[in-house]
>>> print(open('model_35.pdb').read())   # PDB, C-alpha atoms
ATOM      1  CA  MET A1391     -12.858 -16.451  -8.046
ATOM      2  CA  CYS A1392     -14.275 -16.843 -11.551
ATOM      3  CA  GLU A1393     -11.861 -17.854 -14.276
ATOM      4  CA  TYR A1394     -13.901 -20.284 -16.335
ATOM      5  CA  CYS A1395     -15.703 -18.090 -18.874
ATOM      6  CA  GLY A1396     -12.869 -15.894 -20.093
ATOM      7  CA  CYS A1397     -14.465 -12.642 -18.917
ATOM      8  CA  GLN A1398     -11.281 -11.657 -17.091
ATOM      9  CA  ALA A1399      -9.568 -11.348 -20.452
ATOM     10  CA  LEU A1400     -11.414  -8.023 -20.701
ATOM     11  CA  GLU A1401      -9.456  -5.314 -18.894
ATOM     12  CA  THR A1402     -12.597  -3.858 -17.317
ATOM     13  CA  ILE A1403     -13.636  -7.176 -15.798
ATOM     14  CA  ASP A1404     -10.052  -7.898 -14.753
ATOM     15  CA  GLU A1405      -9.963  -4.558 -12.901
ATOM     16  CA  LEU A1406     -13.282  -5.222 -11.179
ATOM     17  CA  THR A1407     -12.064  -8.697 -10.226
ATOM     18  CA  ARG A1408      -8.827  -7.311  -8.782
ATOM     19  CA  GLU A1409     -10.902  -4.912  -6.698
ATOM     20  CA  HIS A1410     -13.005  -7.838  -5.490
ATOM     21  CA  ASP A1411      -9.821  -9.694  -4.569
ATOM     22  CA  GLU A1412      -8.625  -6.693  -2.567
ATOM     23  CA  VAL A1413     -11.963  -6.433  -0.752
ATOM     24  CA  VAL A1414     -11.864 -10.143   0.122
ATOM     25  CA  ARG A1415      -8.307  -9.682   1.416
ATOM     26  CA  LEU A1416      -9.470  -6.783   3.596
ATOM     27  CA  ILE A1417     -12.485  -8.733   4.842
ATOM     28  CA  SER A1418     -10.056 -11.398   6.104
ATOM     29  CA  HIS A1419      -8.777  -8.836   8.635
ATOM     30  CA  LEU A1420     -12.198  -8.360  10.206
ATOM     31  CA  ARG A1421     -12.690 -11.668  12.031
ATOM     32  CA  PRO A1422      -9.487 -11.468  14.130
ATOM     33  CA  ALA A1423     -10.271  -7.862  15.061
ATOM     34  CA  HIS A1424     -13.870  -8.764  15.887
ATOM     35  CA  GLU A1425     -12.853 -11.725  18.039
ATOM     36  CA  ALA A1426     -10.339  -9.536  19.903
ATOM     37  CA  GLY A1427     -12.918  -6.779  20.427
ATOM     38  CA  ARG A1428     -10.751  -4.275  18.535
ATOM     39  CA  VAL A1429     -13.501  -1.940  17.354
ATOM     40  CA  ALA A1430     -11.029   0.743  16.234
ATOM     41  CA  ARG A1431      -9.341  -1.814  13.949
ATOM     42  CA  LEU A1432     -12.737  -2.873  12.587
ATOM     43  CA  ALA A1433     -13.450   0.772  11.761
ATOM     44  CA  GLU A1434     -10.067   1.141  10.076
ATOM     45  CA  VAL A1435     -10.677  -1.922   7.892
ATOM     46  CA  ALA A1436     -14.216  -0.726   7.122
ATOM     47  CA  ARG A1437     -12.753   2.550   5.815
ATOM     48  CA  GLU A1438     -10.228   0.626   3.685
ATOM     49  CA  ILE A1439     -13.016  -1.511   2.225
ATOM     50  CA  ALA A1440     -15.105   1.601   1.514
ATOM     51  CA  ARG A1441     -12.104   3.226  -0.212
ATOM     52  CA  VAL A1442     -11.899   0.301  -2.671
ATOM     53  CA  LEU A1443     -15.662  -0.071  -3.082
ATOM     54  CA  GLY A1444     -16.399   3.603  -3.811
ATOM     55  CA  PRO A1445     -15.020   3.763  -7.361
ATOM     56  CA  HIS A1446     -15.752   0.080  -7.930
ATOM     57  CA  THR A1447     -19.452   0.575  -7.213
ATOM     58  CA  GLN A1448     -19.544   3.623  -9.498
ATOM     59  CA  VAL A1449     -18.263   1.522 -12.398
ATOM     60  CA  GLU A1450     -20.841  -1.154 -11.723
ATOM     61  CA  GLU A1451     -23.822   1.141 -11.156
ATOM     62  CA  HIS A1452     -23.079   3.714 -13.855
ATOM     63  CA  GLY A1453     -21.634   1.398 -16.493
ATOM     64  CA  LEU A1454     -22.114  -2.322 -16.064
ATOM     65  CA  PHE A1455     -25.489  -2.560 -14.314
ATOM     66  CA  PRO A1456     -27.409  -0.213 -16.635
ATOM     67  CA  ALA A1457     -26.163  -2.229 -19.597
ATOM     68  CA  LEU A1458     -27.552  -5.424 -18.038
ATOM     69  CA  ALA A1459     -30.698  -4.083 -16.349
ATOM     70  CA  GLY A1460     -32.884  -4.515 -19.421
ATOM     71  CA  ASP A1461     -32.234  -8.264 -19.521
ATOM     72  CA  PHE A1462     -31.847  -8.858 -15.775
ATOM     73  CA  PRO A1463     -33.881  -6.178 -13.959
ATOM     74  CA  ASP A1464     -34.631  -8.112 -10.763
ATOM     75  CA  GLN A1465     -31.065  -9.331 -10.335
ATOM     76  CA  ILE A1466     -29.572  -5.883 -10.906
ATOM     77  CA  ALA A1467     -32.056  -4.276  -8.495
ATOM     78  CA  ALA A1468     -31.124  -6.856  -5.849
ATOM     79  CA  LEU A1469     -27.401  -6.198  -6.328
ATOM     80  CA  GLU A1470     -27.931  -2.441  -6.033
ATOM     81  CA  ALA A1471     -29.954  -2.959  -2.838
ATOM     82  CA  GLU A1472     -27.078  -4.997  -1.435
ATOM     83  CA  HIS A1473     -24.690  -2.169  -2.298
ATOM     84  CA  ARG A1474     -26.850   0.210  -0.245
ATOM     85  CA  ARG A1475     -26.999  -2.142   2.754
ATOM     86  CA  ILE A1476     -23.230  -2.662   2.753
ATOM     87  CA  GLU A1477     -22.490   1.043   2.234
ATOM     88  CA  ALA A1478     -24.752   2.004   5.138
ATOM     89  CA  VAL A1479     -22.763  -0.096   7.592
ATOM     90  CA  LEU A1480     -19.389   1.005   6.216
ATOM     91  CA  ALA A1481     -20.505   4.649   6.357
ATOM     92  CA  GLU A1482     -20.841   4.456  10.128
ATOM     93  CA  ALA A1483     -17.017   4.483  10.311
ATOM     94  CA  ALA A1484     -16.445   6.835   7.377
ATOM     95  CA  ASP A1485     -15.775   9.989   9.372
ATOM     96  CA  GLY A1486     -12.591   8.563  10.881
ATOM     97  CA  THR A1487     -14.118   7.818  14.260
ATOM     98  CA  THR A1488     -14.859   4.486  15.837
ATOM     99  CA  PRO A1489     -18.599   3.804  15.931
ATOM    100  CA  SER A1490     -19.866   3.882  19.503
ATOM    101  CA  ASP A1491     -22.913   1.679  18.904
ATOM    102  CA  PRO A1492     -22.086  -1.659  20.580
ATOM    103  CA  ALA A1493     -24.056  -3.482  17.855
ATOM    104  CA  TRP A1494     -21.970  -2.009  15.028
ATOM    105  CA  PRO A1495     -19.218  -4.682  15.049
ATOM    106  CA  ASP A1496     -21.829  -7.409  14.563
ATOM    107  CA  ARG A1497     -23.537  -5.374  11.816
ATOM    108  CA  LEU A1498     -20.154  -4.968  10.143
ATOM    109  CA  MET A1499     -19.527  -8.719  10.257
ATOM    110  CA  ALA A1500     -22.973  -9.358   8.753
ATOM    111  CA  ALA A1501     -22.271  -6.769   6.034
ATOM    112  CA  ALA A1502     -18.921  -8.437   5.317
ATOM    113  CA  ALA A1503     -20.645 -11.812   4.907
ATOM    114  CA  LEU A1504     -23.182 -10.207   2.574
ATOM    115  CA  LEU A1505     -20.340  -8.567   0.649
ATOM    116  CA  ARG A1506     -18.534 -11.889   0.154
ATOM    117  CA  ALA A1507     -21.727 -13.493  -1.194
ATOM    118  CA  HIS A1508     -22.360 -10.398  -3.329
ATOM    119  CA  ILE A1509     -18.901 -10.656  -4.874
ATOM    120  CA  LEU A1510     -19.549 -14.271  -5.831
ATOM    121  CA  LYS A1511     -22.836 -13.294  -7.505
ATOM    122  CA  GLU A1512     -21.049 -10.670  -9.561
ATOM    123  CA  GLN A1513     -18.125 -12.839 -10.530
ATOM    124  CA  ASP A1514     -20.133 -15.960 -11.285
ATOM    125  CA  GLY A1515     -23.196 -14.233 -12.749
ATOM    126  CA  VAL A1516     -22.814 -10.575 -13.687
ATOM    127  CA  PHE A1517     -19.378 -10.716 -15.274
ATOM    128  CA  PRO A1518     -20.078 -13.757 -17.490
ATOM    129  CA  ALA A1519     -23.482 -12.253 -18.408
ATOM    130  CA  ALA A1520     -21.757  -9.025 -19.389
ATOM    131  CA  LEU A1521     -19.298 -10.914 -21.565
ATOM    132  CA  ALA A1522     -22.165 -12.693 -23.307
ATOM    133  CA  ASN A1523     -24.589  -9.776 -23.658
ATOM    134  CA  LEU A1524     -22.802  -6.433 -23.931
ATOM    135  CA  GLY A1525     -21.911  -4.843 -27.239
ATOM    136  CA  THR A1526     -19.154  -2.383 -28.064
ATOM    137  CA  GLU A1527     -21.214   0.694 -27.195
ATOM    138  CA  GLN A1528     -22.122  -0.748 -23.804
ATOM    139  CA  TRP A1529     -18.498  -1.625 -23.023
ATOM    140  CA  GLU A1530     -17.555   1.927 -23.953
ATOM    141  CA  ALA A1531     -20.105   3.162 -21.397
ATOM    142  CA  VAL A1532     -18.533   0.909 -18.776
ATOM    143  CA  GLU A1533     -15.103   2.311 -19.651
ATOM    144  CA  ALA A1534     -16.494   5.854 -19.379
ATOM    145  CA  ALA A1535     -17.832   4.994 -15.926
ATOM    146  CA  ARG A1536     -14.351   3.748 -14.960
ATOM    147  CA  ALA A1537     -12.791   6.980 -16.207
ATOM    148  CA  GLY A1538     -15.356   8.990 -14.261
ATOM    149  CA  ALA A1539     -14.627   6.987 -11.124
ATOM    150  CA  GLY A1540     -10.964   7.883 -11.354
ATOM    151  CA  GLY A1541      -9.585   4.944 -13.279
ATOM    152  CA  ALA A1542      -8.500   1.562 -12.054
ATOM    153  CA  PRO A1543      -6.525   1.221  -8.857
ATOM    154  CA  ALA A1544      -2.818   0.657  -9.103
ATOM    155  CA  ARG A1545      -1.784  -2.955  -9.393
ATOM    156  CA  PRO A1546      -0.258  -4.292  -6.179
ATOM    157  CA  ALA A1547       3.488  -4.838  -6.246
ATOM    158  CA  ALA A1548       4.409  -8.441  -6.983
TER
END
>>> encode(input="model_35.pdb", output="structure tokens")
Amino acid sequence: MCEYCGCQALETIDELTREHDEVVRLISHLRPAHEAGRVARLAEVAREIARVLGPHTQVEEHGLFPALAGDFPDQIAALEAEHRRIEAVLAEAADGTTPSDPAWPDRLMAAAALLRAHILKEQDGVFPAALANLGTEQWEAVEAARAGAGGAPARPAA
């Protein structure tokens, strides 16, 4: 993931990046489950991904994206649309049951591929743009969004 611009030196970006790393780790569990036809495992992983993405998306959409939307309206709108598409597929497993639609596993795999590409756009585009364009007041708004989302996730044990 991105390390070239220095944006991860900011705690907020570091937290968002760690969440991305966790999502990518979870996505890696999907292919084996999909190939084995383990739909219940796919649903379990989808719920884990949604658990990480919920607060993460709040920080982006209520803090980071509004601060960048004035300069990058089309890009931010596209990222938000991708959030909705990914959330819709993940939501099919949100109630703790295994989706019965036989097409759901393939939709989940497509959403996971979209999510991986989405993460790269954020890390290689949004985060460096935020570092270059946001002022103190805007970073404070991002921090407020993080606080409202429940704070950063605990760091994994080393």
>>> closest_residue(input="model_35.pdb", among="A:His1473, A:His1424, A:His1419, A:Arg1408", to="A:Pro1495", atoms="all atoms listed in the file")
A:His1424
>>> residues_around(input="model_35.pdb", residues="A:Leu1480", least_positions_apart="6", cutoff="9 Å", atoms="only C-alpha atoms", output="number ranges by chain")
A: 1433, 1436-1437, 1439-1440, 1498, 1501
>>> closest_atom_pairs(input="model_35.pdb", of="stretch 1431-1474 of chain A", to="stretch 1523-1543 of chain A", cutoff="10 Å", atoms="all atoms listed in the file", output="CSV")
residue,atom,partner,partner_atom,distance
A:Val1442,CA,A:Pro1543,CA,8.2
A:Gly1444,CA,A:Ala1539,CA,8.3
A:Pro1445,CA,A:Ala1539,CA,5.0
A:His1446,CA,A:Ala1539,CA,7.7
A:Thr1447,CA,A:Ala1539,CA,8.9
A:Gln1448,CA,A:Ala1539,CA,6.2
A:Val1449,CA,A:Ala1535,CA,5.0
A:Glu1450,CA,A:Val1532,CA,7.7
A:Glu1451,CA,A:Ala1535,CA,8.6
A:His1452,CA,A:Ala1535,CA,5.8
A:Gly1453,CA,A:Val1532,CA,3.9
A:Leu1454,CA,A:Val1532,CA,5.5
A:Phe1455,CA,A:Val1532,CA,9.0
A:Pro1456,CA,A:Gln1528,CA,8.9
A:Ala1457,CA,A:Gln1528,CA,6.0
A:Leu1458,CA,A:Leu1524,CA,7.6
A:Asp1461,CA,A:Asn1523,CA,8.8
>>> atom_distance(input="model_35.pdb", atom1="atom CA of A:Pro1492", atom2="atom CA of A:Val1429")
9.2 Å
>>> atom_distance(input="model_35.pdb", atom1="atom CA of A:Ala1467", atom2="atom CA of A:Glu1401")
24.9 Å
>>> residues_around(input="model_35.pdb", residues="stretch 1504-1514 of chain A", least_positions_apart="4", cutoff="12 Å", atoms="all atoms listed in the file", output="number ranges by chain")
A: 1391-1398, 1403-1418, 1436, 1439-1440, 1443, 1446-1447, 1450, 1454-1455, 1458, 1465-1466, 1468-1477, 1479-1480, 1497-1500, 1518-1521
>>> write_last_selection(input="model_35.pdb", atoms="C-alpha atoms", output="mmCIF file, in the frame of the given file")
data_model
loop_
_atom_site.group_PDB
_atom_site.id
_atom_site.type_symbol
_atom_site.label_atom_id
_atom_site.label_comp_id
_atom_site.auth_asym_id
_atom_site.auth_seq_id
_atom_site.Cartn_x
_atom_site.Cartn_y
_atom_site.Cartn_z
ATOM 1 C CA MET A 1391 -12.858 -16.451 -8.046
ATOM 2 C CA CYS A 1392 -14.275 -16.843 -11.551
ATOM 3 C CA GLU A 1393 -11.861 -17.854 -14.276
ATOM 4 C CA TYR A 1394 -13.901 -20.284 -16.335
ATOM 5 C CA CYS A 1395 -15.703 -18.090 -18.874
ATOM 6 C CA GLY A 1396 -12.869 -15.894 -20.093
ATOM 7 C CA CYS A 1397 -14.465 -12.642 -18.917
ATOM 8 C CA GLN A 1398 -11.281 -11.657 -17.091
ATOM 9 C CA ILE A 1403 -13.636 -7.176 -15.798
ATOM 10 C CA ASP A 1404 -10.052 -7.898 -14.753
ATOM 11 C CA GLU A 1405 -9.963 -4.558 -12.901
ATOM 12 C CA LEU A 1406 -13.282 -5.222 -11.179
ATOM 13 C CA THR A 1407 -12.064 -8.697 -10.226
ATOM 14 C CA ARG A 1408 -8.827 -7.311 -8.782
ATOM 15 C CA GLU A 1409 -10.902 -4.912 -6.698
ATOM 16 C CA HIS A 1410 -13.005 -7.838 -5.490
ATOM 17 C CA ASP A 1411 -9.821 -9.694 -4.569
ATOM 18 C CA GLU A 1412 -8.625 -6.693 -2.567
ATOM 19 C CA VAL A 1413 -11.963 -6.433 -0.752
ATOM 20 C CA VAL A 1414 -11.864 -10.143 0.122
ATOM 21 C CA ARG A 1415 -8.307 -9.682 1.416
ATOM 22 C CA LEU A 1416 -9.470 -6.783 3.596
ATOM 23 C CA ILE A 1417 -12.485 -8.733 4.842
ATOM 24 C CA SER A 1418 -10.056 -11.398 6.104
ATOM 25 C CA ALA A 1436 -14.216 -0.726 7.122
ATOM 26 C CA ILE A 1439 -13.016 -1.511 2.225
ATOM 27 C CA ALA A 1440 -15.105 1.601 1.514
ATOM 28 C CA LEU A 1443 -15.662 -0.071 -3.082
ATOM 29 C CA HIS A 1446 -15.752 0.080 -7.930
ATOM 30 C CA THR A 1447 -19.452 0.575 -7.213
ATOM 31 C CA GLU A 1450 -20.841 -1.154 -11.723
ATOM 32 C CA LEU A 1454 -22.114 -2.322 -16.064
ATOM 33 C CA PHE A 1455 -25.489 -2.560 -14.314
ATOM 34 C CA LEU A 1458 -27.552 -5.424 -18.038
ATOM 35 C CA GLN A 1465 -31.065 -9.331 -10.335
ATOM 36 C CA ILE A 1466 -29.572 -5.883 -10.906
ATOM 37 C CA ALA A 1468 -31.124 -6.856 -5.849
ATOM 38 C CA LEU A 1469 -27.401 -6.198 -6.328
ATOM 39 C CA GLU A 1470 -27.931 -2.441 -6.033
ATOM 40 C CA ALA A 1471 -29.954 -2.959 -2.838
ATOM 41 C CA GLU A 1472 -27.078 -4.997 -1.435
ATOM 42 C CA HIS A 1473 -24.690 -2.169 -2.298
ATOM 43 C CA ARG A 1474 -26.850 0.210 -0.245
ATOM 44 C CA ARG A 1475 -26.999 -2.142 2.754
ATOM 45 C CA ILE A 1476 -23.230 -2.662 2.753
ATOM 46 C CA GLU A 1477 -22.490 1.043 2.234
ATOM 47 C CA VAL A 1479 -22.763 -0.096 7.592
ATOM 48 C CA LEU A 1480 -19.389 1.005 6.216
ATOM 49 C CA ARG A 1497 -23.537 -5.374 11.816
ATOM 50 C CA LEU A 1498 -20.154 -4.968 10.143
ATOM 51 C CA MET A 1499 -19.527 -8.719 10.257
ATOM 52 C CA ALA A 1500 -22.973 -9.358 8.753
ATOM 53 C CA PRO A 1518 -20.078 -13.757 -17.490
ATOM 54 C CA ALA A 1519 -23.482 -12.253 -18.408
ATOM 55 C CA ALA A 1520 -21.757 -9.025 -19.389
ATOM 56 C CA LEU A 1521 -19.298 -10.914 -21.565
#
>>> atom_distance(input="model_35.pdb", atom1="atom CA of A:Glu1434", atom2="atom CA of A:Gly1486")
7.9 Å
>>> axis_aligned_box(input="model_35.pdb", around="stretch 1533-1540 of chain A", padding_each_side="6 Å", output="JSON")
{"center_x": -14.4, "center_y": 5.7, "center_z": -15.4, "size_x": 18.9, "size_y": 18.7, "size_z": 20.5}
>>> closest_residue(input="model_35.pdb", among="A:Ala1503, A:Ala1423, A:Leu1400, A:Val1435", to="A:Ala1481", atoms="only C-alpha atoms")
A:Val1435
